[in-house]
file coords-v9.txt (compact mmCIF, C-alpha atoms and all ligand atoms)
# COMPACT_ATOMS: atom_id res chain seq x y z
CA MET A 28 131.57 92.43 74.01
CA ARG A 29 133.10 95.56 75.42
CA PHE A 30 132.48 96.72 78.95
CA VAL A 31 132.32 100.15 80.51
CA LEU A 32 131.98 101.54 84.00
CA LYS A 33 128.78 103.38 84.86
CA GLU A 34 128.86 106.87 86.31
CA CYS A 35 130.26 106.22 89.78
CA ALA A 36 132.95 107.56 92.11
CA TRP A 37 135.26 105.83 94.57
CA GLU A 38 137.91 106.41 97.16
CA ALA A 39 140.29 104.02 98.96
CA LEU A 40 139.94 103.65 102.73
CA GLY A 41 142.69 101.40 104.08
CA ASP A 42 142.13 97.91 102.65
CA GLU A 43 138.72 98.86 101.37
CA LEU A 44 137.21 100.84 98.55
CA VAL A 45 134.15 103.04 99.08
CA VAL A 46 132.10 103.26 95.87
CA VAL A 47 129.06 105.46 95.25
CA PHE A 48 126.75 104.84 92.30
CA ASP A 49 123.28 105.59 93.68
CA PRO A 50 123.67 108.53 96.07
CA ARG A 51 121.26 106.87 98.54
CA GLU A 52 123.84 104.21 99.39
CA SER A 53 127.54 103.47 99.28
CA LEU A 54 129.25 100.18 98.55
CA VAL A 55 132.27 99.09 100.56
CA VAL A 56 134.43 96.57 98.70
CA ALA A 57 137.49 94.75 100.07
CA ASP A 58 140.48 95.78 97.97
CA PRO A 59 143.67 94.92 99.92
CA ASP A 60 146.02 95.00 96.92
CA GLY A 61 144.36 97.84 94.97
CA LYS A 62 143.32 95.54 92.14
CA ILE A 63 139.66 96.56 92.21
CA GLU A 64 140.59 100.23 92.13
CA ALA A 65 142.85 99.59 89.15
CA LEU A 66 140.01 97.70 87.42
CA LEU A 67 137.58 100.56 88.02
CA THR A 68 140.13 103.08 86.78
CA GLU A 69 140.73 101.16 83.56
CA LEU A 70 137.01 100.58 82.88
CA ASN A 71 136.41 104.26 83.48
CA ARG A 72 138.65 105.14 80.55
CA GLY A 73 136.02 103.86 78.10
CA ALA A 74 134.77 100.74 76.36
CA GLN A 75 137.16 97.78 76.59
CA THR A 76 137.22 94.05 75.99
CA VAL A 77 138.37 91.51 78.59
CA ARG A 78 141.67 91.22 76.76
CA GLN A 79 142.23 95.00 76.76
CA VAL A 80 141.43 95.23 80.46
CA ARG A 81 143.85 92.40 81.21
CA SER A 82 146.65 94.10 79.23
CA ALA A 83 146.08 97.34 81.13
CA LEU A 84 146.20 95.54 84.49
CA LEU A 85 149.38 93.70 83.50
CA ARG A 86 150.96 97.06 82.67
CA ARG A 87 150.02 98.19 86.15
CA GLY A 88 151.84 95.18 87.61
CA PHE A 89 148.84 92.95 88.40
CA GLU A 90 149.41 89.37 87.26
CA VAL A 91 145.91 88.42 86.11
CA THR A 92 144.48 86.00 83.56
CA GLU A 93 141.52 86.72 81.27
CA GLU A 94 139.48 84.43 83.55
CA ASP A 95 140.43 86.60 86.54
CA VAL A 96 139.29 89.70 84.64
CA ALA A 97 136.05 88.03 83.54
CA ALA A 98 135.36 87.03 87.16
CA GLY A 99 136.07 90.60 88.30
CA LEU A 100 133.71 91.99 85.67
CA LYS A 101 131.02 89.54 86.75
CA GLY A 102 131.45 90.75 90.31
CA LEU A 103 131.14 94.38 89.26
CA ASP A 104 128.05 93.51 87.21
CA SER A 105 126.44 91.84 90.22
CA ILE A 106 126.65 95.14 92.12
CA GLY A 107 125.41 97.13 89.13
CA LEU A 108 128.58 99.04 88.28
CA ILE A 109 129.29 98.03 84.69
CA GLU A 110 127.33 97.52 81.50
CA ASN A 111 127.51 96.47 77.87
CA ALA A 112 129.39 99.35 76.20
CA ASP A 113 128.33 98.35 72.70
CA ASP A 114 124.60 98.76 73.34
CA ARG A 115 124.49 101.80 75.56
CA TRP A 116 123.14 104.14 72.93
CA LEU A 117 120.77 104.12 69.99
CA HIS A 118 121.84 104.44 66.39
CA SER A 119 121.88 108.18 65.81
CA PRO A 120 122.83 111.27 67.80
CA SER A 121 119.30 112.65 67.31
CA GLU A 122 117.74 109.47 68.75
CA ASN A 123 120.13 109.61 71.68
CA ASP A 124 119.17 113.23 72.33
CA ARG A 125 115.48 112.46 72.10
CA HIS A 126 115.77 109.55 74.53
CA PHE A 127 118.62 110.90 76.62
CA SER A 128 116.85 110.72 79.98
CA ASN A 129 115.14 107.43 79.14
CA LEU A 130 118.54 105.90 78.35
CA THR A 131 120.05 107.43 81.48
CA PHE A 132 117.20 106.12 83.63
CA PHE A 133 117.67 102.59 82.32
CA GLY A 134 121.38 102.99 83.01
CA SER A 135 120.45 102.41 86.65
CA PHE A 136 119.12 98.94 85.74
CA SER A 137 121.38 97.94 82.86
CA GLY A 138 124.22 95.44 83.04
CA ILE A 139 126.22 93.03 80.94
CA THR A 140 123.14 91.15 79.74
CA ARG A 141 120.59 93.99 79.92
CA SER A 142 121.48 97.06 77.94
CA ARG A 143 119.92 100.48 78.35
CA ALA A 144 119.37 100.81 74.58
CA ASP A 145 117.51 97.51 74.57
CA TYR A 146 115.09 98.78 77.23
CA VAL A 147 114.34 101.85 75.09
CA ARG A 148 113.97 99.71 71.95
CA ARG A 149 111.42 97.56 73.78
CA LEU A 150 109.36 100.68 74.39
CA ARG A 151 109.86 101.80 70.78
CA ASP A 152 108.58 98.40 69.60
CA ALA A 153 105.57 98.37 71.92
CA HIS A 154 101.94 99.02 71.04
CA VAL A 155 99.78 100.24 73.93
CA LEU A 156 96.00 100.39 73.77
CA VAL A 157 94.99 103.37 75.91
CA LEU A 158 91.47 103.24 77.30
CA GLY A 159 90.15 106.72 78.00
CA VAL A 160 91.97 109.99 77.37
CA GLY A 161 90.24 111.97 80.11
CA GLY A 162 91.35 112.54 83.70
CA ALA A 163 94.15 110.02 84.24
CA GLY A 164 94.28 109.09 80.56
CA SER A 165 95.50 112.41 79.22
CA SER A 166 98.58 112.39 81.47
CA LEU A 167 99.03 108.66 80.80
CA VAL A 168 99.23 109.42 77.07
CA GLN A 169 101.77 112.16 77.72
CA CYS A 170 103.92 109.87 79.91
CA LEU A 171 103.84 107.05 77.34
CA ALA A 172 104.76 109.49 74.58
CA GLY A 173 107.68 110.80 76.61
CA LEU A 174 108.89 107.24 77.18
CA GLY A 175 108.81 106.79 73.44
CA VAL A 176 106.23 103.98 73.24
CA GLY A 177 106.25 103.37 69.50
CA ALA A 178 102.57 102.82 68.83
CA MET A 179 99.40 103.84 70.64
CA THR A 180 95.75 103.28 69.94
CA LEU A 181 93.60 105.74 71.87
CA VAL A 182 89.98 104.85 72.66
CA ASP A 183 87.36 107.23 74.05
CA ARG A 184 83.95 108.67 73.18
CA ASP A 185 83.94 112.10 74.69
CA ASP A 186 84.35 115.62 73.45
CA VAL A 187 86.50 118.25 75.12
CA GLU A 188 84.50 120.35 77.61
CA PRO A 189 85.43 123.41 79.69
CA ARG A 190 85.12 121.38 82.93
CA ASN A 191 87.96 119.09 81.78
CA PHE A 192 90.54 121.83 82.21
CA ALA A 193 91.12 121.26 85.93
CA ARG A 194 92.98 118.07 85.10
CA GLN A 195 93.29 117.27 81.39
CA PHE A 196 96.32 119.23 80.31
CA LEU A 197 96.57 117.67 76.91
CA TYR A 198 93.74 119.91 75.64
CA ARG A 199 93.50 123.58 74.66
CA GLN A 200 90.60 126.00 74.79
CA ALA A 201 90.42 125.80 70.98
CA ASP A 202 89.67 122.07 71.31
CA ILE A 203 86.37 122.54 73.16
CA GLY A 204 83.69 120.57 71.34
CA ARG A 205 86.19 118.38 69.48
CA SER A 206 86.60 114.62 69.87
CA LYS A 207 89.09 113.92 72.66
CA VAL A 208 90.80 111.02 70.94
CA ASP A 209 91.25 112.97 67.72
CA ARG A 210 92.80 115.86 69.59
CA ALA A 211 94.91 113.53 71.78
CA ALA A 212 96.23 111.74 68.69
CA GLU A 213 97.14 115.10 67.15
CA TRP A 214 99.00 116.00 70.34
CA VAL A 215 101.02 112.78 70.17
CA ARG A 216 101.89 113.35 66.49
CA ASP A 217 103.02 116.91 67.23
CA PHE A 218 105.02 115.73 70.23
CA ASP A 219 106.82 112.89 68.46
CA PRO A 220 106.09 112.20 64.77
CA GLU A 221 107.85 108.83 65.14
CA ILE A 222 104.99 107.51 67.27
CA ASP A 223 102.34 105.65 65.29
CA VAL A 224 99.08 106.78 66.86
CA ARG A 225 95.53 105.82 66.02
CA ALA A 226 92.33 107.39 67.38
CA VAL A 227 89.25 105.23 67.93
CA ASP A 228 86.17 107.28 68.78
CA ARG A 229 83.89 104.58 70.11
CA TRP A 230 81.51 103.72 72.92
CA ILE A 231 82.57 100.61 74.79
CA ARG A 232 79.52 98.59 75.85
CA GLY A 233 81.17 95.24 76.50
CA PRO A 234 84.41 93.29 76.08
CA GLU A 235 83.49 92.46 72.49
CA ASP A 236 83.77 96.15 71.57
CA LEU A 237 87.53 95.87 72.27
CA ALA A 238 88.17 92.52 70.58
CA ASP A 239 89.41 94.02 67.30
CA LEU A 240 91.76 96.37 69.17
CA THR A 241 93.48 93.93 71.53
CA ALA A 242 94.79 91.61 68.80
CA ASP A 243 98.04 93.43 68.14
CA ALA A 244 98.37 95.31 71.45
CA ASP A 245 101.20 94.53 73.89
CA LEU A 246 99.41 96.14 76.82
CA LEU A 247 96.09 97.75 77.77
CA ALA A 248 96.30 100.81 80.00
CA GLY A 249 93.89 103.27 81.58
CA GLY A 250 90.21 102.94 82.24
CA ILE A 251 86.92 103.88 80.71
CA ASP A 252 84.08 105.38 82.67
CA GLY A 253 80.39 105.73 82.09
CA ALA A 254 79.35 102.22 83.15
CA ARG A 255 79.69 100.36 86.42
CA ASP A 256 81.22 97.31 84.74
CA ALA A 257 83.43 99.15 82.27
CA ASN A 258 86.67 98.09 83.93
CA LEU A 259 85.47 94.47 84.06
CA TRP A 260 84.86 94.58 80.30
CA VAL A 261 88.39 95.85 79.65
CA ASN A 262 89.72 93.24 82.09
CA GLU A 263 87.95 90.47 80.19
CA ALA A 264 89.17 91.73 76.82
CA ALA A 265 92.75 91.86 78.15
CA VAL A 266 92.70 88.41 79.76
CA ARG A 267 91.06 86.85 76.71
CA ALA A 268 93.82 88.32 74.52
CA GLY A 269 96.54 87.38 77.03
CA VAL A 270 97.65 91.02 77.19
CA PRO A 271 98.57 92.74 80.48
CA PHE A 272 96.19 95.45 81.72
CA VAL A 273 97.12 98.34 84.00
CA THR A 274 94.41 100.55 85.44
CA GLY A 275 93.80 103.09 88.17
CA LEU A 276 91.08 105.25 89.63
CA ALA A 277 90.31 107.72 92.38
CA GLY A 278 87.75 107.61 95.17
CA ARG A 279 86.86 110.69 97.17
CA THR A 280 90.01 110.57 99.31
CA GLN A 281 92.00 107.68 97.83
CA LEU A 282 93.65 106.85 94.56
CA MET A 283 94.52 103.37 93.44
CA TYR A 284 96.24 101.47 90.69
CA THR A 285 96.46 97.78 89.93
CA SER A 286 97.48 95.51 87.08
CA VAL A 287 96.49 92.18 85.58
CA ASP A 288 99.04 89.72 84.27
CA PRO A 289 96.75 87.28 82.43
CA GLY A 290 97.12 83.69 83.55
CA ASN A 291 99.71 84.66 86.13
CA SER A 292 98.05 87.07 88.56
CA ALA A 293 94.52 87.61 89.85
CA CYS A 294 92.35 89.69 87.53
CA ILE A 295 89.87 92.50 88.24
CA GLN A 296 87.02 89.96 88.17
CA CYS A 297 88.77 87.90 90.89
CA ASP A 298 88.71 90.99 93.08
CA GLU A 299 84.91 91.13 92.80
CA VAL A 300 84.63 88.02 95.02
CA ASP A 301 85.68 90.04 98.08
CA ARG A 302 83.30 92.91 97.41
CA PRO A 303 80.46 93.21 99.92
CA ASP A 304 77.21 91.84 98.54
CA GLU A 305 74.87 94.79 97.90
CA ARG A 306 71.84 92.52 98.51
CA GLU A 307 72.89 91.82 102.09
CA THR A 308 70.82 93.49 104.80
CA SER A 309 73.87 94.20 106.96
CA SER A 310 75.27 97.73 107.28
CA VAL A 311 78.15 96.69 105.01
CA GLY A 312 75.73 95.48 102.34
CA ILE A 313 73.61 98.62 102.62
CA ALA A 314 76.72 100.84 102.42
CA GLN A 315 77.81 99.00 99.28
CA ARG A 316 74.35 99.49 97.74
CA LEU A 317 74.40 103.19 98.57
CA THR A 318 77.90 103.55 97.16
CA LEU A 319 76.92 101.94 93.89
CA ARG A 320 73.80 104.09 93.60
CA MET A 321 75.48 107.34 94.52
CA ARG A 322 76.05 109.76 91.70
CA SER A 323 79.07 111.88 92.36
CA SER A 324 80.39 114.76 90.34
CA ASN A 325 83.92 114.23 89.15
CA PHE A 326 86.21 115.46 91.91
CA LEU A 327 89.45 114.59 90.16
CA ILE A 328 91.97 117.43 90.17
CA GLY A 329 95.17 117.83 88.20
CA PRO A 330 97.71 116.62 90.77
CA ILE A 331 95.69 113.49 91.53
CA ALA A 332 94.83 112.72 87.90
CA MET A 333 98.48 113.07 86.91
CA GLN A 334 99.55 110.86 89.81
CA ILE A 335 97.26 108.05 88.62
CA GLY A 336 98.32 108.50 85.00
CA SER A 337 102.00 108.36 85.90
CA LEU A 338 101.60 105.31 88.16
CA ILE A 339 99.82 103.46 85.34
CA ALA A 340 102.53 104.51 82.87
CA TYR A 341 105.29 103.35 85.21
CA GLU A 342 103.69 99.95 85.77
CA ALA A 343 103.19 99.68 82.00
CA MET A 344 106.90 100.35 81.61
CA ARG A 345 107.67 97.42 83.94
CA TYR A 346 105.64 95.06 81.75
CA LEU A 347 106.95 96.41 78.45
CA THR A 348 110.66 96.44 79.31
CA GLY A 349 111.04 93.97 82.18
CA PHE A 350 113.47 96.35 83.91
CA GLU A 351 111.77 95.14 87.10
CA PRO A 352 108.76 92.88 87.74
CA PRO A 353 105.24 94.39 87.79
CA GLN A 354 104.54 95.74 91.26
CA ALA A 355 100.75 95.86 91.16
CA ALA A 356 99.83 92.50 89.58
CA GLY A 357 97.03 91.18 91.77
CA VAL A 358 97.57 94.03 94.23
CA ARG A 359 95.59 97.21 94.77
CA VAL A 360 98.17 99.87 95.51
CA VAL A 361 96.20 102.54 97.36
CA LEU A 362 97.48 106.06 98.06
CA ASP A 363 95.55 107.75 100.83
CA LEU A 364 94.94 111.50 100.58
CA ARG A 365 94.17 111.63 104.31
CA THR A 366 97.67 110.46 105.17
CA GLY A 367 99.74 112.45 102.72
CA LEU A 368 99.41 109.96 99.87
CA THR A 369 100.94 107.12 101.87
CA PRO A 370 100.87 104.01 99.67
CA GLU A 371 99.42 100.76 100.98
CA ARG A 372 99.60 97.43 99.15
CA GLN A 373 96.39 95.40 99.29
CA PRO A 374 96.96 92.02 97.58
CA PHE A 375 93.93 90.07 96.39
CA SER A 376 93.87 86.39 95.52
CA GLN A 377 93.16 84.70 92.27
CA ASP A 378 89.69 83.16 92.38
CA PRO A 379 90.09 79.52 91.30
CA ASN A 380 86.59 79.69 89.82
CA CYS A 381 87.05 83.03 88.09
CA PRO A 382 85.25 82.78 84.74
CA VAL A 383 87.55 85.41 83.22
CA CYS A 384 90.92 83.99 84.31
CA GLN A 385 89.93 80.75 82.62
CA LEU A 386 89.94 82.61 79.30
CA ALA A 387 93.67 83.42 79.52
CA PRO A 388 95.45 81.80 76.59
CA LYS A 389 98.80 81.25 78.33
CA LYS A 390 100.65 81.60 81.58
CA GLY A 391 102.87 84.50 82.46
CA TYR A 392 103.39 87.87 80.84
CA GLY A 393 106.27 86.46 78.85
CA ARG A 394 106.55 89.61 76.77
CA THR A 395 109.87 90.61 78.14
ZN ZN B 401 90.19 86.40 87.45
call {"tool": "encode", "arguments": {"input": "coords-v9.txt", "output": "structure tokens"}}
result
Amino acid sequence: MRFVLKECAWEALGDELVVVFDPRESLVVADPDGKIEALLTELNRGAQTVRQVRSALLRRGFEVTEEDVAAGLKGLDSIGLIENADDRWLHSPSENDRHFSNLTFFGSFSGITRSRADYVRRLRDAHVLVLGVGGAGSSLVQCLAGLGVGAMTLVDRDDVEPRNFARQFLYRQADIGRSKVDRAAEWVRDFDPEIDVRAVDRWIRGPEDLADLTADADLLAGGIDGARDANLWVNEAAVRAGVPFVTGLAGRTQLMYTSVDPGNSACIQCDEVDRPDERETSSVGIAQRLTLRMRSSNFLIGPIAMQIGSLIAYEAMRYLTGFEPPQAAGVRVVLDLRTGLTPERQPFSQDPNCPVCQLAPKKGYGRT
């Protein structure tokens, strides 16, 4: 394997070296004999093997063995400064251009054993089942397409209407009256012909209506509306298939996202245990009953819808690539409009008697 230094800068300060990679923080490394600085300088010249680095250091007058160099590289890897030079990029200049920012982003998380190209390939190899291409869903589709998710199945049963235009920027005036999923699939094909996209124009009336779609999906994302239990149906279909599910929604002054890691985290059904009982005669019970009965016009606006869509896409990215663990598994992450979108994490426990969790075929997300 060859190694290369990531984009960083450094300067000697007495016996120490100040190194900046992420502008939010600096690293101070002890370097009394200047060996680390020499190592950084050599790795900054381009891709090199351990043997090549050792030869360069010997020429500079540092008596080091290959083991010394390997230990130094391991140390630099542990602070995120070097990566696998042979798997930094994809196979063609056009692919590298297309995914330039995706590759650069993953360069912040790559290392000797985790390459930035591998993260992008994981997205390219992934199949995401997108539930709903309306408010949050249309920006979710756009985010997933930008990330280069290789295959998407889009599910919805709505037509484009003039009132969608406050928040669903995937559609054009000429689309009014057309099936949303058909138009959304066209958008994806126009955006990136490499993405394999399928439109499923279907009402979802229970988990069984998703059974044929979850079989070859790596992740379910989004949410369908129209029925009180719609999200529970998707949750059940995801858990039964052992496929992670990421969803989000907005209340009048809050937005929220959460995810389900089947067999490993609580699921949406587990969260139902803590809901106030609408049959109770307490004020809490009555309020819950009123909330469930209340019909509210859709108050979702563009900035909020896009926020939910992007949070779902980002959590999906965690599952699909493993660049970091899922952050919302068994946690409602709530952003409060009354406090400037301050996020608050609200964990909920797995219900040991949850009838849905018991359907999970295996433990852990294990897809990374
Ligand atoms: Zn559960």
call {"tool": "closest_residue", "arguments": {"input": "coords-v9.txt", "among": "A:His154, A:Arg184, A:Arg51, A:Arg267", "to": "ligand ZN 401 (chain B)", "atoms": "only C-alpha atoms and all ligand atoms"}}
result
A:Arg267
call {"tool": "atom_distance", "arguments": {"input": "coords-v9.txt", "atom1": "atom CA of Ser286 of chain A", "atom2": "atom CA of Val187 of chain A"}}
result
27.9 Å
call {"tool": "closest_residue", "arguments": {"input": "coords-v9.txt", "among": "A:Arg365, A:Ser121, A:Val360, A:Gly290", "to": "Ala268 of chain A", "atoms": "all atoms listed in the file"}}
result
A:Gly290
call {"tool": "residues_near_ligand", "arguments": {"input": "coords-v9.txt", "ligand": "ligand ZN 401 (chain B)", "cutoff": "10 Å", "atoms": "all atoms listed in the file", "output": "PyMOL selection string"}}
result
chain A and resi 259+262-263+266+287-300+357+376-387
call {"tool": "write_last_selection", "arguments": {"input": "coords-v9.txt", "atoms": "C-alpha atoms", "output": "PDB file, in the coordinates of the input"}}
result
ATOM      1  CA  LEU A 259      85.470  94.470  84.060  1.00  0.00           C
ATOM      2  CA  ASN A 262      89.720  93.240  82.090  1.00  0.00           C
ATOM      3  CA  GLU A 263      87.950  90.470  80.190  1.00  0.00           C
ATOM      4  CA  VAL A 266      92.700  88.410  79.760  1.00  0.00           C
ATOM      5  CA  VAL A 287      96.490  92.180  85.580  1.00  0.00           C
ATOM      6  CA  ASP A 288      99.040  89.720  84.270  1.00  0.00           C
ATOM      7  CA  PRO A 289      96.750  87.280  82.430  1.00  0.00           C
ATOM      8  CA  GLY A 290      97.120  83.690  83.550  1.00  0.00           C
ATOM      9  CA  ASN A 291      99.710  84.660  86.130  1.00  0.00           C
ATOM     10  CA  SER A 292      98.050  87.070  88.560  1.00  0.00           C
ATOM     11  CA  ALA A 293      94.520  87.610  89.850  1.00  0.00           C
ATOM     12  CA  CYS A 294      92.350  89.690  87.530  1.00  0.00           C
ATOM     13  CA  ILE A 295      89.870  92.500  88.240  1.00  0.00           C
ATOM     14  CA  GLN A 296      87.020  89.960  88.170  1.00  0.00           C
ATOM     15  CA  CYS A 297      88.770  87.900  90.890  1.00  0.00           C
ATOM     16  CA  ASP A 298      88.710  90.990  93.080  1.00  0.00           C
ATOM     17  CA  GLU A 299      84.910  91.130  92.800  1.00  0.00           C
ATOM     18  CA  VAL A 300      84.630  88.020  95.020  1.00  0.00           C
ATOM     19  CA  GLY A 357      97.030  91.180  91.770  1.00  0.00           C
ATOM     20  CA  SER A 376      93.870  86.390  95.520  1.00  0.00           C
ATOM     21  CA  GLN A 377      93.160  84.700  92.270  1.00  0.00           C
ATOM     22  CA  ASP A 378      89.690  83.160  92.380  1.00  0.00           C
ATOM     23  CA  PRO A 379      90.090  79.520  91.300  1.00  0.00           C
ATOM     24  CA  ASN A 380      86.590  79.690  89.820  1.00  0.00           C
ATOM     25  CA  CYS A 381      87.050  83.030  88.090  1.00  0.00           C
ATOM     26  CA  PRO A 382      85.250  82.780  84.740  1.00  0.00           C
ATOM     27  CA  VAL A 383      87.550  85.410  83.220  1.00  0.00           C
ATOM     28  CA  CYS A 384      90.920  83.990  84.310  1.00  0.00           C
ATOM     29  CA  GLN A 385      89.930  80.750  82.620  1.00  0.00           C
ATOM     30  CA  LEU A 386      89.940  82.610  79.300  1.00  0.00           C
ATOM     31  CA  ALA A 387      93.670  83.420  79.520  1.00  0.00           C
TER      32      ALA A 387
END
call {"tool": "residues_around", "arguments": {"input": "coords-v9.txt", "residues": "Ser105 of chain A", "least_positions_apart": "5", "cutoff": "10 Å", "atoms": "only C-alpha atoms", "output": "ChimeraX atom specification"}}
result
/A:99-100,138-139
call {"tool": "residues_around", "arguments": {"input": "coords-v9.txt", "residues": "Glu307 of chain A", "least_positions_apart": "5", "cutoff": "9 Å", "atoms": "all atoms listed in the file", "output": "list in words"}}
result
Gly312, Ile313 and Arg316 of chain A
call {"tool": "atom_distance", "arguments": {"input": "coords-v9.txt", "atom1": "atom CA of Phe218 of chain A", "atom2": "atom CA of Ala257 of chain A"}}
result
29.8 Å
call {"tool": "closest_residue", "arguments": {"input": "coords-v9.txt", "among": "A:Tyr146, A:Tyr341, A:Phe132, A:Phe350", "to": "Val273 of chain A", "atoms": "all atoms listed in the file"}}
result
A:Tyr341
call {"tool": "residues_around", "arguments": {"input": "coords-v9.txt", "residues": "Phe326 of chain A", "least_positions_apart": "2", "cutoff": "12 Å", "atoms": "all atoms listed in the file", "output": "list in words"}}
result
Gly162, Arg190, Asn191, Ala193, Arg194, Leu276, Ala277, Gly278, Arg279, Thr280, Gln281, Leu282, Arg322, Ser323, Ser324, Ile328, Gly329, Pro330, Ile331 and Ala332 of chain A
call {"tool": "closest_residue", "arguments": {"input": "coords-v9.txt", "among": "A:Gln75, A:Asn258, A:Gln334, A:Thr285", "to": "Arg372 of chain A", "atoms": "all atoms listed in the file"}}
result
A:Thr285
call {"tool": "closest_residue", "arguments": {"input": "coords-v9.txt", "among": "A:Val208, A:Leu197, A:Ala248, A:Val261", "to": "Arg232 of chain A", "atoms": "all atoms listed in the file"}}
result
A:Val261
call {"tool": "axis_aligned_box", "arguments": {"input": "coords-v9.txt", "around": "segment 165-177 of chain A", "padding_each_side": "8 Å", "output": "lines of an AutoDock Vina configuration file"}}
result
center_x = 102.2
center_y = 107.9
center_z = 75.5
size_x = 29.4
size_y = 25.0
size_z = 28.0
